[in-house]
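Content type PDB, C-alpha atoms, from the file target.pdb:
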```pdb
ATOM      1  CA  MET X   1     105.857  46.343  77.890
ATOM      2  CA  HIS X   2     109.078  47.522  76.305
ATOM      3  CA  PRO X   3     109.698  51.332  76.439
ATOM      4  CA  ASP X   4     109.326  53.085  73.108
ATOM      5  CA  PRO X   5     112.722  54.642  72.200
ATOM      6  CA  HIS X   6     110.982  57.383  70.185
ATOM      7  CA  VAL X   7     109.094  58.779  73.200
ATOM      8  CA  PRO X   8     111.299  61.098  75.283
ATOM      9  CA  SER X   9     109.017  60.934  78.338
ATOM     10  CA  GLN X  10     110.628  57.708  79.538
ATOM     11  CA  LYS X  11     112.992  59.762  81.750
ATOM     12  CA  GLU X  12     112.078  61.838  84.757
ATOM     13  CA  ASP X  13     110.721  65.273  83.766
ATOM     14  CA  TRP X  14     113.736  67.115  85.090
ATOM     15  CA  GLN X  15     116.082  64.777  83.238
ATOM     16  CA  ALA X  16     114.368  65.123  79.872
ATOM     17  CA  ASP X  17     116.497  65.788  76.815
ATOM     18  CA  ALA X  18     116.866  69.411  75.784
ATOM     19  CA  VAL X  19     114.627  70.511  72.921
ATOM     20  CA  ASP X  20     117.463  72.556  71.442
ATOM     21  CA  SER X  21     120.833  70.808  71.340
ATOM     22  CA  ASP X  22     122.561  74.126  72.150
ATOM     23  CA  MET X  23     120.622  74.491  75.399
ATOM     24  CA  PRO X  24     122.038  72.769  78.473
ATOM     25  CA  ILE X  25     119.918  70.388  80.468
ATOM     26  CA  ASP X  26     119.234  71.501  84.030
ATOM     27  CA  PRO X  27     120.779  68.741  86.181
ATOM     28  CA  TRP X  28     118.751  69.669  89.264
ATOM     29  CA  PRO X  29     115.204  68.525  89.872
ATOM     30  CA  PRO X  30     112.650  71.321  90.189
ATOM     31  CA  ARG X  31     111.886  72.517  93.707
ATOM     32  CA  LYS X  32     108.794  71.039  95.175
ATOM     33  CA  ALA X  33     106.084  73.565  95.877
ATOM     34  CA  PRO X  34     106.050  74.498  99.548
ATOM     35  CA  SER X  35     103.262  73.070 101.625
ATOM     36  CA  PRO X  36     100.344  75.402 102.420
ATOM     37  CA  ARG X  37     101.520  75.589 106.042
ATOM     38  CA  ARG X  38     105.052  76.583 104.982
ATOM     39  CA  ARG X  39     103.671  79.135 102.512
ATOM     40  CA  GLN X  40     101.549  80.659 105.301
ATOM     41  CA  ALA X  41     104.583  80.795 107.581
ATOM     42  CA  GLU X  42     106.639  82.539 104.874
ATOM     43  CA  VAL X  43     103.917  85.114 104.266
ATOM     44  CA  LEU X  44     103.492  85.735 107.984
ATOM     45  CA  ALA X  45     107.255  86.104 108.430
ATOM     46  CA  VAL X  46     107.627  88.683 105.648
ATOM     47  CA  ILE X  47     104.600  90.637 106.890
ATOM     48  CA  ALA X  48     106.017  90.695 110.418
ATOM     49  CA  THR X  49     109.466  91.736 109.177
ATOM     50  CA  GLY X  50     107.989  94.455 106.993
ATOM     51  CA  GLY X  51     105.724  95.587 109.824
ATOM     52  CA  VAL X  52     108.711  96.073 112.112
ATOM     53  CA  ILE X  53     110.456  98.181 109.476
ATOM     54  CA  GLY X  54     107.354 100.276 108.806
ATOM     55  CA  ALA X  55     106.487 100.759 112.481
ATOM     56  CA  CYS X  56     110.054 101.778 113.340
ATOM     57  CA  THR X  57     110.030 104.292 110.499
ATOM     58  CA  ARG X  58     106.724 105.719 111.728
ATOM     59  CA  TYR X  59     108.014 105.883 115.300
ATOM     60  CA  GLY X  60     111.138 107.676 114.109
ATOM     61  CA  ALA X  61     109.019 110.264 112.307
ATOM     62  CA  ALA X  62     106.906 110.793 115.433
ATOM     63  CA  VAL X  63     110.057 111.303 117.522
ATOM     64  CA  LEU X  64     111.565 113.730 114.995
ATOM     65  CA  TRP X  65     108.365 115.724 114.557
ATOM     66  CA  PRO X  66     106.309 115.528 117.755
ATOM     67  CA  VAL X  67     102.782 116.917 117.758
ATOM     68  CA  VAL X  68     101.733 119.594 120.247
ATOM     69  CA  PRO X  69      98.598 118.491 122.168
ATOM     70  CA  GLY X  70      95.507 120.219 120.774
ATOM     71  CA  ALA X  71      97.213 121.078 117.468
ATOM     72  CA  PHE X  72      96.592 119.505 114.086
ATOM     73  CA  PRO X  73      98.517 116.183 114.084
ATOM     74  CA  TRP X  74     100.660 116.938 111.043
ATOM     75  CA  THR X  75     103.102 114.083 111.581
ATOM     76  CA  THR X  76     100.431 111.385 111.518
ATOM     77  CA  PHE X  77      98.702 113.170 108.638
ATOM     78  CA  TRP X  78     101.871 113.149 106.494
ATOM     79  CA  ILE X  79     102.746 109.577 107.457
ATOM     80  CA  ASN X  80      99.339 108.408 106.245
ATOM     81  CA  VAL X  81      99.508 110.520 103.090
ATOM     82  CA  THR X  82     103.015 109.411 102.096
ATOM     83  CA  GLY X  83     102.219 105.786 102.921
ATOM     84  CA  SER X  84      99.075 105.933 100.795
ATOM     85  CA  ALA X  85     101.024 107.423  97.891
ATOM     86  CA  ALA X  86     103.608 104.667  98.229
ATOM     87  CA  MET X  87     100.788 102.094  98.141
ATOM     88  CA  GLY X  88      99.436 103.536  94.883
ATOM     89  CA  LEU X  89     102.902 103.358  93.348
ATOM     90  CA  LEU X  90     103.612  99.874  94.707
ATOM     91  CA  ILE X  91     100.401  98.281  93.506
ATOM     92  CA  VAL X  92     100.938  99.453  89.932
ATOM     93  CA  LEU X  93     104.574  98.380  89.978
ATOM     94  CA  ILE X  94     103.969  94.862  91.264
ATOM     95  CA  THR X  95     100.661  94.078  89.584
ATOM     96  CA  GLU X  96     100.847  95.860  86.240
ATOM     97  CA  TRP X  97     104.458  96.625  85.419
ATOM     98  CA  THR X  98     106.491  93.663  86.586
ATOM     99  CA  SER X  99     105.928  90.192  87.887
ATOM    100  CA  ALA X 100     107.249  90.373  91.410
ATOM    101  CA  HIS X 101     108.025  87.500  93.728
ATOM    102  CA  PRO X 102     104.841  86.407  95.547
ATOM    103  CA  LEU X 103     106.239  87.626  98.887
ATOM    104  CA  VAL X 104     106.940  91.196  97.711
ATOM    105  CA  ARG X 105     103.343  92.352  98.002
ATOM    106  CA  PRO X 106     102.764  91.088 101.561
ATOM    107  CA  PHE X 107     106.203  92.333 102.648
ATOM    108  CA  LEU X 108     105.924  95.847 101.244
ATOM    109  CA  GLY X 109     102.163  96.378 101.111
ATOM    110  CA  THR X 110     100.847  94.695 104.229
ATOM    111  CA  GLY X 111     104.080  94.723 106.228
ATOM    112  CA  VAL X 112     106.101  97.870 105.589
ATOM    113  CA  LEU X 113     103.282 100.180 104.520
ATOM    114  CA  GLY X 114     100.798  98.628 106.940
ATOM    115  CA  GLY X 115     103.238  99.235 109.779
ATOM    116  CA  TYR X 116     104.151 102.691 108.514
ATOM    117  CA  THR X 117     100.686 104.078 107.949
ATOM    118  CA  THR X 118      98.821 104.520 111.141
ATOM    119  CA  PHE X 119      95.100 104.868 110.849
ATOM    120  CA  SER X 120      94.792 103.612 114.426
ATOM    121  CA  THR X 121      96.840 106.590 115.613
ATOM    122  CA  TYR X 122      94.673 108.720 113.319
ATOM    123  CA  THR X 123      91.606 107.767 115.373
ATOM    124  CA  VAL X 124      93.443 108.205 118.694
ATOM    125  CA  ASP X 125      94.607 111.664 117.570
ATOM    126  CA  ALA X 126      91.035 112.580 116.654
ATOM    127  CA  ARG X 127      89.760 111.301 120.000
ATOM    128  CA  ASN X 128      92.420 113.313 121.849
ATOM    129  CA  LEU X 129      91.425 116.439 119.932
ATOM    130  CA  ILE X 130      87.764 115.904 120.840
ATOM    131  CA  ASP X 131      88.632 115.213 124.494
ATOM    132  CA  GLY X 132      90.727 118.402 124.501
ATOM    133  CA  HIS X 133      87.712 120.402 123.231
ATOM    134  CA  HIS X 134      89.094 120.806 119.710
ATOM    135  CA  ALA X 135      86.212 119.143 117.864
ATOM    136  CA  GLY X 136      86.565 121.403 114.812
ATOM    137  CA  THR X 137      90.217 120.455 114.419
ATOM    138  CA  ALA X 138      89.288 116.785 114.901
ATOM    139  CA  VAL X 139      86.664 116.909 112.136
ATOM    140  CA  LEU X 140      89.074 118.744 109.826
ATOM    141  CA  TYR X 141      91.792 116.195 110.602
ATOM    142  CA  LEU X 142      89.524 113.183 110.078
ATOM    143  CA  THR X 143      88.185 114.540 106.795
ATOM    144  CA  ALA X 144      91.472 115.878 105.422
ATOM    145  CA  THR X 145      93.416 112.701 106.203
ATOM    146  CA  LEU X 146      90.883 110.407 104.583
ATOM    147  CA  ALA X 147      90.447 112.632 101.506
ATOM    148  CA  ALA X 148      94.190 113.162 101.063
ATOM    149  CA  ALA X 149      95.015 109.470 101.527
ATOM    150  CA  LEU X 150      92.435 108.368  98.969
ATOM    151  CA  PHE X 151      93.455 111.069  96.509
ATOM    152  CA  VAL X 152      97.199 110.411  96.678
ATOM    153  CA  THR X 153      96.678 106.658  96.336
ATOM    154  CA  TRP X 154      94.722 107.249  93.140
ATOM    155  CA  ALA X 155      97.112 109.971  91.893
ATOM    156  CA  ALA X 156     100.264 107.927  92.546
ATOM    157  CA  ALA X 157      98.775 104.915  90.749
ATOM    158  CA  ALA X 158      97.646 107.058  87.802
ATOM    159  CA  LEU X 159     100.993 108.848  87.548
ATOM    160  CA  THR X 160     102.914 105.581  87.786
ATOM    161  CA  ARG X 161     100.793 104.111  84.989
ATOM    162  CA  ARG X 162     101.299 107.203  82.864
ATOM    163  CA  VAL X 163     105.076 107.206  83.318
ATOM    164  CA  LEU X 164     105.849 103.477  83.194
ATOM    165  CA  LEU X 165     103.235 101.770  81.073
ATOM    166  CA  PRO X 166     103.591 103.859  77.910
ATOM    167  CA  ARG X 167     107.336 103.129  78.038
ATOM    168  CA  VAL X 168     106.611  99.410  78.154
ATOM    169  CA  GLU X 169     104.200  99.736  75.207
ATOM    170  CA  ARG X 170     106.816 101.714  73.214
ATOM    171  CA  GLU X 171     109.482  99.100  73.933
ATOM    172  CA  GLY X 172     107.081  96.363  72.819
ATOM    173  CA  ALA X 173     106.382  98.201  69.554
ATOM    174  CA  ASP X 174     110.132  98.589  68.884
ATOM    175  CA  ALA X 175     110.757  94.857  69.161
TER     176      ALA X 175
END
```

Can I see the file as structure tokens?
Amino acid sequence: MHPDPHVPSQKEDWQADAVDSDMPIDPWPPRKAPSPRRRQAEVLAVIATGGVIGACTRYGAAVLWPVVPGAFPWTTFWINVTGSAAMGLLIVLITEWTSAHPLVRPFLGTGVLGGYTTFSTYTVDARNLIDGHHAGTAVLYLTATLAAALFVTWAAAALTRRVLLPRVEREGADA
């Protein structure tokens, strides 16, 4: 069968003629989608890299502001609170405000903030307080950390929406 000269699909997709004569034709073929195994490896690599950054930041905070045994563990408390606030901000930014690269969320959310926040240390701190006969402080710490982390996650997300999203709606109305 002879190719129809009026049908532009006779060429490879990436070599197709431009729809607008002023637009250049991309001479490079599109990248093939990575295999599922490669995609998993990329996600794992960015999570690990982010986790190292977050864990080192947390460790640095613990070295700068050590906690006295038996006292309220303020350093871990503030690490978890600031990390939770950052998560509220991040989720709105990358899911509602902009379309981020698919590796941004695992890198920052799971990696950096997962390594930075330390709810495992939170439970160890509580256990140490109980073992040191400071059960009241342990209960206060457990309750205050959880309540503060949940609240600041919600508040940071709500504030981010309030500040950024109306601006986007105004810009859309101006167009």

For the structure provided, state which residues fall under the PyMOL selection byres ((chain X and resi 133-144) around 8), and present them as a PDB file with C-alpha atoms, in the frame of the given file.
```
ATOM      1  CA  GLY X  70      95.507 120.219 120.774  1.00  0.00           C
ATOM      2  CA  ALA X  71      97.213 121.078 117.468  1.00  0.00           C
ATOM      3  CA  PHE X  72      96.592 119.505 114.086  1.00  0.00           C
ATOM      4  CA  PRO X  73      98.517 116.183 114.084  1.00  0.00           C
ATOM      5  CA  PHE X  77      98.702 113.170 108.638  1.00  0.00           C
ATOM      6  CA  TYR X 122      94.673 108.720 113.319  1.00  0.00           C
ATOM      7  CA  THR X 123      91.606 107.767 115.373  1.00  0.00           C
ATOM      8  CA  ASP X 125      94.607 111.664 117.570  1.00  0.00           C
ATOM      9  CA  ALA X 126      91.035 112.580 116.654  1.00  0.00           C
ATOM     10  CA  ARG X 127      89.760 111.301 120.000  1.00  0.00           C
ATOM     11  CA  LEU X 129      91.425 116.439 119.932  1.00  0.00           C
ATOM     12  CA  ILE X 130      87.764 115.904 120.840  1.00  0.00           C
ATOM     13  CA  ASP X 131      88.632 115.213 124.494  1.00  0.00           C
ATOM     14  CA  GLY X 132      90.727 118.402 124.501  1.00  0.00           C
ATOM     15  CA  THR X 145      93.416 112.701 106.203  1.00  0.00           C
ATOM     16  CA  LEU X 146      90.883 110.407 104.583  1.00  0.00           C
ATOM     17  CA  ALA X 147      90.447 112.632 101.506  1.00  0.00           C
ATOM     18  CA  ALA X 148      94.190 113.162 101.063  1.00  0.00           C
TER      19      ALA X 148
END
```

Q. What lies within 7 Å of range 98-113 of chain X using all atoms listed in the file, ignoring chain neighbours under 3 positions off, as a ChimeraX atom specification?
A. /X:43,46-51,53-54,83,87,93-95,116-117

(Q) To one decimal place in Å, what is the distance between CA of Thr153 in chain X and CA of Trp97 in chain X? (A) 16.7 Å

Q. Which neighbours of Trp154 in chain X fall inside 10 Å, counting all atoms listed in the file, when residues of the same chain fewer than 2 positions from it are skipped, and could you give them as an MDAnalysis selection string?
A. chainID X and resid 84:85 87:89 148:152 156:160

Q.
Given only C-alpha atoms as the basis, pick out the residue of X:Gly115, X:Trp74, X:Ala155, X:Arg38 nearest to Cys56 in chain X.
A. X:Gly115

(Q) Report, in Å to a single decimal, how far apart CA of Tyr59 in chain X and CA of Ile91 in chain X are. (A) 24.3 Å

**Q.** Separation of CA of Ala45 in chain X from CA of Val63 in chain X in Å
**A.**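 So the answer is 26.9 Å.
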
Q. Which residue out of X:Val81, X:Val67, X:Ala41, X:Ala55 has the minimum interatomic distance to Gly114 in chain X when all atoms listed in the file are used?
A.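 Closest residue, counting all atoms listed in the file: X:Ala55.
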
All heavy atoms are what I want for range 128-139 of chain X; can you complete it accordingly and write them as a tab-separated table (two decimals), keeping the file's coordinate frame?
```
chain	number	residue	atom	x	y	z
X	128	ASN	N	91.73	112.38	120.96
X	128	ASN	CA	92.42	113.31	121.85
X	128	ASN	C	92.04	114.76	121.56
X	128	ASN	O	91.91	115.57	122.47
X	128	ASN	CB	93.93	113.13	121.74
X	128	ASN	CG	94.40	111.83	122.36
X	128	ASN	OD1	93.71	111.22	123.17
X	128	ASN	ND2	95.58	111.39	121.96
X	129	LEU	N	91.85	115.09	120.29
X	129	LEU	CA	91.42	116.44	119.93
X	129	LEU	C	90.02	116.72	120.47
X	129	LEU	O	89.75	117.80	121.00
X	129	LEU	CB	91.47	116.63	118.41
X	129	LEU	CG	92.86	116.78	117.81
X	129	LEU	CD1	92.81	116.66	116.29
X	129	LEU	CD2	93.51	118.10	118.23
X	130	ILE	N	89.13	115.74	120.34
X	130	ILE	CA	87.76	115.90	120.84
X	130	ILE	C	87.77	116.03	122.36
X	130	ILE	O	87.11	116.92	122.92
X	130	ILE	CB	86.87	114.74	120.37
X	130	ILE	CG1	86.66	114.84	118.86
X	130	ILE	CG2	85.53	114.74	121.11
X	130	ILE	CD1	86.03	113.61	118.23
X	131	ASP	N	88.54	115.14	123.03
X	131	ASP	CA	88.63	115.21	124.49
X	131	ASP	C	89.24	116.53	124.96
X	131	ASP	O	88.91	117.01	126.05
X	131	ASP	CB	89.48	114.05	125.03
X	131	ASP	CG	88.76	112.71	124.92
X	131	ASP	OD1	87.53	112.70	124.66
X	131	ASP	OD2	89.45	111.67	125.08
X	132	GLY	N	90.11	117.12	124.16
X	132	GLY	CA	90.73	118.40	124.50
X	132	GLY	C	89.91	119.60	124.04
X	132	GLY	O	90.41	120.72	123.99
X	133	HIS	N	88.64	119.35	123.67
X	133	HIS	CA	87.71	120.40	123.23
X	133	HIS	C	88.17	121.10	121.95
X	133	HIS	O	88.05	122.32	121.81
X	133	HIS	CB	87.48	121.42	124.37
X	133	HIS	CG	87.04	120.76	125.64
X	133	HIS	ND1	85.81	120.18	125.78
X	133	HIS	CD2	87.70	120.57	126.82
X	133	HIS	CE1	85.70	119.66	126.99
X	133	HIS	NE2	86.84	119.87	127.64
X	134	HIS	N	88.70	120.31	121.03
X	134	HIS	CA	89.09	120.81	119.71
X	134	HIS	C	88.35	120.01	118.64
X	134	HIS	O	88.95	119.46	117.72
X	134	HIS	CB	90.61	120.67	119.51
X	134	HIS	CG	91.42	121.41	120.52
X	134	HIS	ND1	91.61	122.77	120.47
X	134	HIS	CD2	92.08	120.97	121.62
X	134	HIS	CE1	92.37	123.14	121.49
X	134	HIS	NE2	92.66	122.06	122.21
X	135	ALA	N	87.04	119.96	118.76
X	135	ALA	CA	86.21	119.14	117.86
X	135	ALA	C	86.34	119.60	116.41
X	135	ALA	O	86.36	118.77	115.50
X	135	ALA	CB	84.76	119.17	118.31
X	136	GLY	N	86.42	120.90	116.18
X	136	GLY	CA	86.56	121.40	114.81
X	136	GLY	C	87.85	120.91	114.17
X	136	GLY	O	87.86	120.48	113.01
X	137	THR	N	88.94	120.95	114.93
X	137	THR	CA	90.22	120.46	114.42
X	137	THR	C	90.14	118.95	114.17
X	137	THR	O	90.68	118.44	113.18
X	137	THR	CB	91.36	120.78	115.41
X	137	THR	OG1	91.37	122.18	115.65
X	137	THR	CG2	92.70	120.34	114.88
X	138	ALA	N	89.44	118.24	115.06
X	138	ALA	CA	89.29	116.78	114.90
X	138	ALA	C	88.54	116.45	113.61
X	138	ALA	O	88.95	115.57	112.85
X	138	ALA	CB	88.57	116.19	116.11
X	139	VAL	N	87.44	117.16	113.35
X	139	VAL	CA	86.66	116.91	112.14
X	139	VAL	C	87.50	117.25	110.90
X	139	VAL	O	87.51	116.49	109.92
X	139	VAL	CB	85.33	117.69	112.16
X	139	VAL	CG1	84.64	117.65	110.81
X	139	VAL	CG2	84.42	117.16	113.26
```
